[in-house]
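Right, one structure below, let's go through it.
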Amino acid sequence: MIAGSARATTMREGAYRIAAPNSRPRNIMVVALEAGAARLLAHLAEGVWHRVSFRSSVWLQDIPNPQSGTLDKWWDVVAGHAEDLVSEIAASDLVIMVTTAGDPTTGASVIGEACVEHAVKTSGIVIRGSMASPDVLSQSLMELRPWTQTLSVIGESDMIVDMIHALGA
């Protein structure tokens, strides 16, 4: 009896193969959800990437408080960033959210909802690091899980390049 993998490589079975690329290239947006991930992605963005953009949601932490009488400034900041972010999400095929375990996942819900609205696939990467306890890691995963279709934990930040490539970059 011929094994399945041997049978799949026969000339007869090869006639059923599609002689075209697997899929069209993806437009991927990689978003840092906190300051540590933002610094890491800023460094990665300096490299050569095709159809990959790097963004940060850290600006959400610096929004002026509308209670302090700066409602116009608050609205300008929020509306401008949100409009840019949503238009970039709509043009993407995949959004990858990146955070470090234990740090706040600022913007994950906003990004996740925009992805749902525009039918954009989402993925999450949590960088565990050596200092994160299982409880801290679990909390980060719980915060990101509702907004991602796939979720990965990596031990070191230098593995992120491989993860982005594995997701289609």
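Naming works like this for the structure tokens: A, B, ... for the chains as they're shown, residue 1 at the start of each chain, ligands 1 onward in shown order.
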Mind checking which residues fall within 7 Å of stretch 49-56 of chain A, counting only C-alpha atoms, ignoring those fewer than 3 positions away in the same chain, and posting them as a list in words?
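That gives Arg26, Asn27, Ile28, Met29, Val30, Val31, Ala32, Leu33, Ala38, Leu41, Ala45 and Ala169 of chain A.
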Restrict the selected residues to N, CA and C atoms and save them as a PDB file, in the first residue's frame.
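File produced: part_16.pdb:
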```pdb
ATOM      1  N   ARG A  26      -0.441  39.706   1.053  1.00  0.00           N
ATOM      2  CA  ARG A  26      -1.288  40.360   2.054  1.00  0.00           C
ATOM      3  C   ARG A  26      -0.769  41.751   2.381  1.00  0.00           C
ATOM      4  N   ASN A  27      -1.698  42.645   2.715  1.00  0.00           N
ATOM      5  CA  ASN A  27      -1.356  43.918   3.333  1.00  0.00           C
ATOM      6  C   ASN A  27      -1.491  43.704   4.830  1.00  0.00           C
ATOM      7  N   ILE A  28      -0.389  43.831   5.535  1.00  0.00           N
ATOM      8  CA  ILE A  28      -0.372  43.534   6.963  1.00  0.00           C
ATOM      9  C   ILE A  28      -0.055  44.801   7.748  1.00  0.00           C
ATOM     10  N   MET A  29      -0.832  45.038   8.790  1.00  0.00           N
ATOM     11  CA  MET A  29      -0.556  46.142   9.693  1.00  0.00           C
ATOM     12  C   MET A  29      -0.202  45.546  11.055  1.00  0.00           C
ATOM     13  N   VAL A  30       0.950  45.914  11.578  1.00  0.00           N
ATOM     14  CA  VAL A  30       1.404  45.440  12.879  1.00  0.00           C
ATOM     15  C   VAL A  30       1.273  46.612  13.850  1.00  0.00           C
ATOM     16  N   VAL A  31       0.510  46.415  14.927  1.00  0.00           N
ATOM     17  CA  VAL A  31       0.205  47.503  15.851  1.00  0.00           C
ATOM     18  C   VAL A  31       0.759  47.197  17.236  1.00  0.00           C
ATOM     19  N   ALA A  32       1.535  48.119  17.768  1.00  0.00           N
ATOM     20  CA  ALA A  32       2.027  48.014  19.144  1.00  0.00           C
ATOM     21  C   ALA A  32       0.935  48.529  20.071  1.00  0.00           C
ATOM     22  N   LEU A  33       0.644  47.764  21.118  1.00  0.00           N
ATOM     23  CA  LEU A  33      -0.413  48.149  22.050  1.00  0.00           C
ATOM     24  C   LEU A  33       0.099  48.869  23.291  1.00  0.00           C
ATOM     25  N   ALA A  38       5.937  49.339  21.174  1.00  0.00           N
ATOM     26  CA  ALA A  38       6.118  50.442  20.224  1.00  0.00           C
ATOM     27  C   ALA A  38       7.596  50.664  19.926  1.00  0.00           C
ATOM     28  N   LEU A  41       8.746  47.704  17.714  1.00  0.00           N
ATOM     29  CA  LEU A  41       8.267  47.803  16.338  1.00  0.00           C
ATOM     30  C   LEU A  41       8.894  48.970  15.591  1.00  0.00           C
ATOM     31  N   ALA A  45      10.600  48.437  12.073  1.00  0.00           N
ATOM     32  CA  ALA A  45      10.113  49.185  10.911  1.00  0.00           C
ATOM     33  C   ALA A  45      11.254  49.754  10.074  1.00  0.00           C
ATOM     34  N   ALA A 169       3.882  37.875   5.990  1.00  0.00           N
ATOM     35  CA  ALA A 169       4.645  39.017   5.490  1.00  0.00           C
ATOM     36  C   ALA A 169       5.742  38.572   4.545  1.00  0.00           C
TER      37      ALA A 169
END
```
Surrounding residues of A:Thr105 excluding itself and chain neighbours under 6 positions, 7 Å, only C-alpha atoms, as a list in words:
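Using only C-alpha atoms, the neighbours found are Leu33, Glu34, Thr99 and Glu143 of chain A.
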I need the residue nearest A:Ala90 from this list: A:Val116, A:Ser109, A:Pro104, A:Ala19. Use only C-alpha atoms for the distance.
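Of A:Val116, A:Ser109, A:Pro104, A:Ala19, the one nearest A:Ala90, counting only C-alpha atoms, is A:Val116.
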Write out as a ChimeraX atom specification which residues come within 12 Å of A:Thr122 when counting only C-alpha atoms, dropping same-chain ones fewer than 5 positions away.
/A:28-31,89,92-98,108-109,111-117,144-152,167
Output C-alpha atoms for every residue in that selection, as a short mmCIF file (atom, residue, chain, number, x, y, z; two decimals), in the first residue's frame.
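Output saved as part27.cif:
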```cif
data_model
loop_
_atom_site.label_atom_id
_atom_site.label_comp_id
_atom_site.auth_asym_id
_atom_site.auth_seq_id
_atom_site.Cartn_x
_atom_site.Cartn_y
_atom_site.Cartn_z
CA ILE A 28 -0.37 43.53 6.96
CA MET A 29 -0.56 46.14 9.69
CA VAL A 30 1.40 45.44 12.88
CA VAL A 31 0.21 47.50 15.85
CA ILE A 89 -7.34 48.86 9.06
CA SER A 92 -5.39 45.72 5.50
CA ASP A 93 -5.84 41.99 5.08
CA LEU A 94 -4.42 41.20 8.51
CA VAL A 95 -3.83 43.22 11.67
CA ILE A 96 -1.29 41.87 14.17
CA MET A 97 -1.51 43.35 17.67
CA VAL A 98 1.68 43.12 19.74
CA ALA A 108 -6.99 46.48 21.58
CA SER A 109 -10.77 46.86 21.77
CA ILE A 111 -8.60 48.06 16.87
CA GLY A 112 -10.50 44.79 17.30
CA GLU A 113 -13.88 46.41 16.72
CA ALA A 114 -12.63 48.21 13.60
CA CYS A 115 -11.29 44.90 12.30
CA VAL A 116 -14.64 43.20 12.91
CA GLU A 117 -16.48 46.05 11.17
CA LEU A 144 -6.32 40.32 23.96
CA ARG A 145 -8.31 37.13 23.35
CA PRO A 146 -11.72 38.72 22.56
CA TRP A 147 -10.14 40.78 19.76
CA THR A 148 -7.95 38.23 17.98
CA GLN A 149 -8.61 35.16 15.87
CA THR A 150 -5.17 33.72 16.59
CA LEU A 151 -3.03 34.42 19.62
CA SER A 152 0.62 33.48 20.12
CA LEU A 167 1.69 35.16 9.39
#
```
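Note that atom CA of A:Arg17 and atom CA of A:Asp162 are 28.3 Å apart.
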Which residue gives the smallest distance to A:Gly36 among A:Ser138, A:Ser57, A:Ser87, A:Thr100, with only C-alpha atoms counted?
A:Thr100
Just the residues within 10 Å of A:Met131, please, counting only C-alpha atoms, with nothing from its chain fewer than 5 positions along; format it as a list in words.
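Skipping anything fewer than 5 positions along the chain leaves Ala101, Gly102 and Val136 of chain A.
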Output for the residues just chosen: N, CA and C atoms as a compact mmCIF listing (two decimals), in the first residue's frame:
```
# COMPACT_ATOMS: atom_id res chain seq x y z
N ALA A 101 3.75 41.00 27.93
CA ALA A 101 2.96 40.49 29.04
C ALA A 101 3.07 41.42 30.24
N GLY A 102 1.92 41.76 30.79
CA GLY A 102 1.87 42.62 31.97
C GLY A 102 1.66 44.08 31.67
N VAL A 136 0.46 37.07 35.27
CA VAL A 136 0.60 38.27 34.43
C VAL A 136 0.37 37.91 32.97
```
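Between atom CA of A:Leu137 and atom CA of A:Ala119 lies a distance of 27.9 Å.
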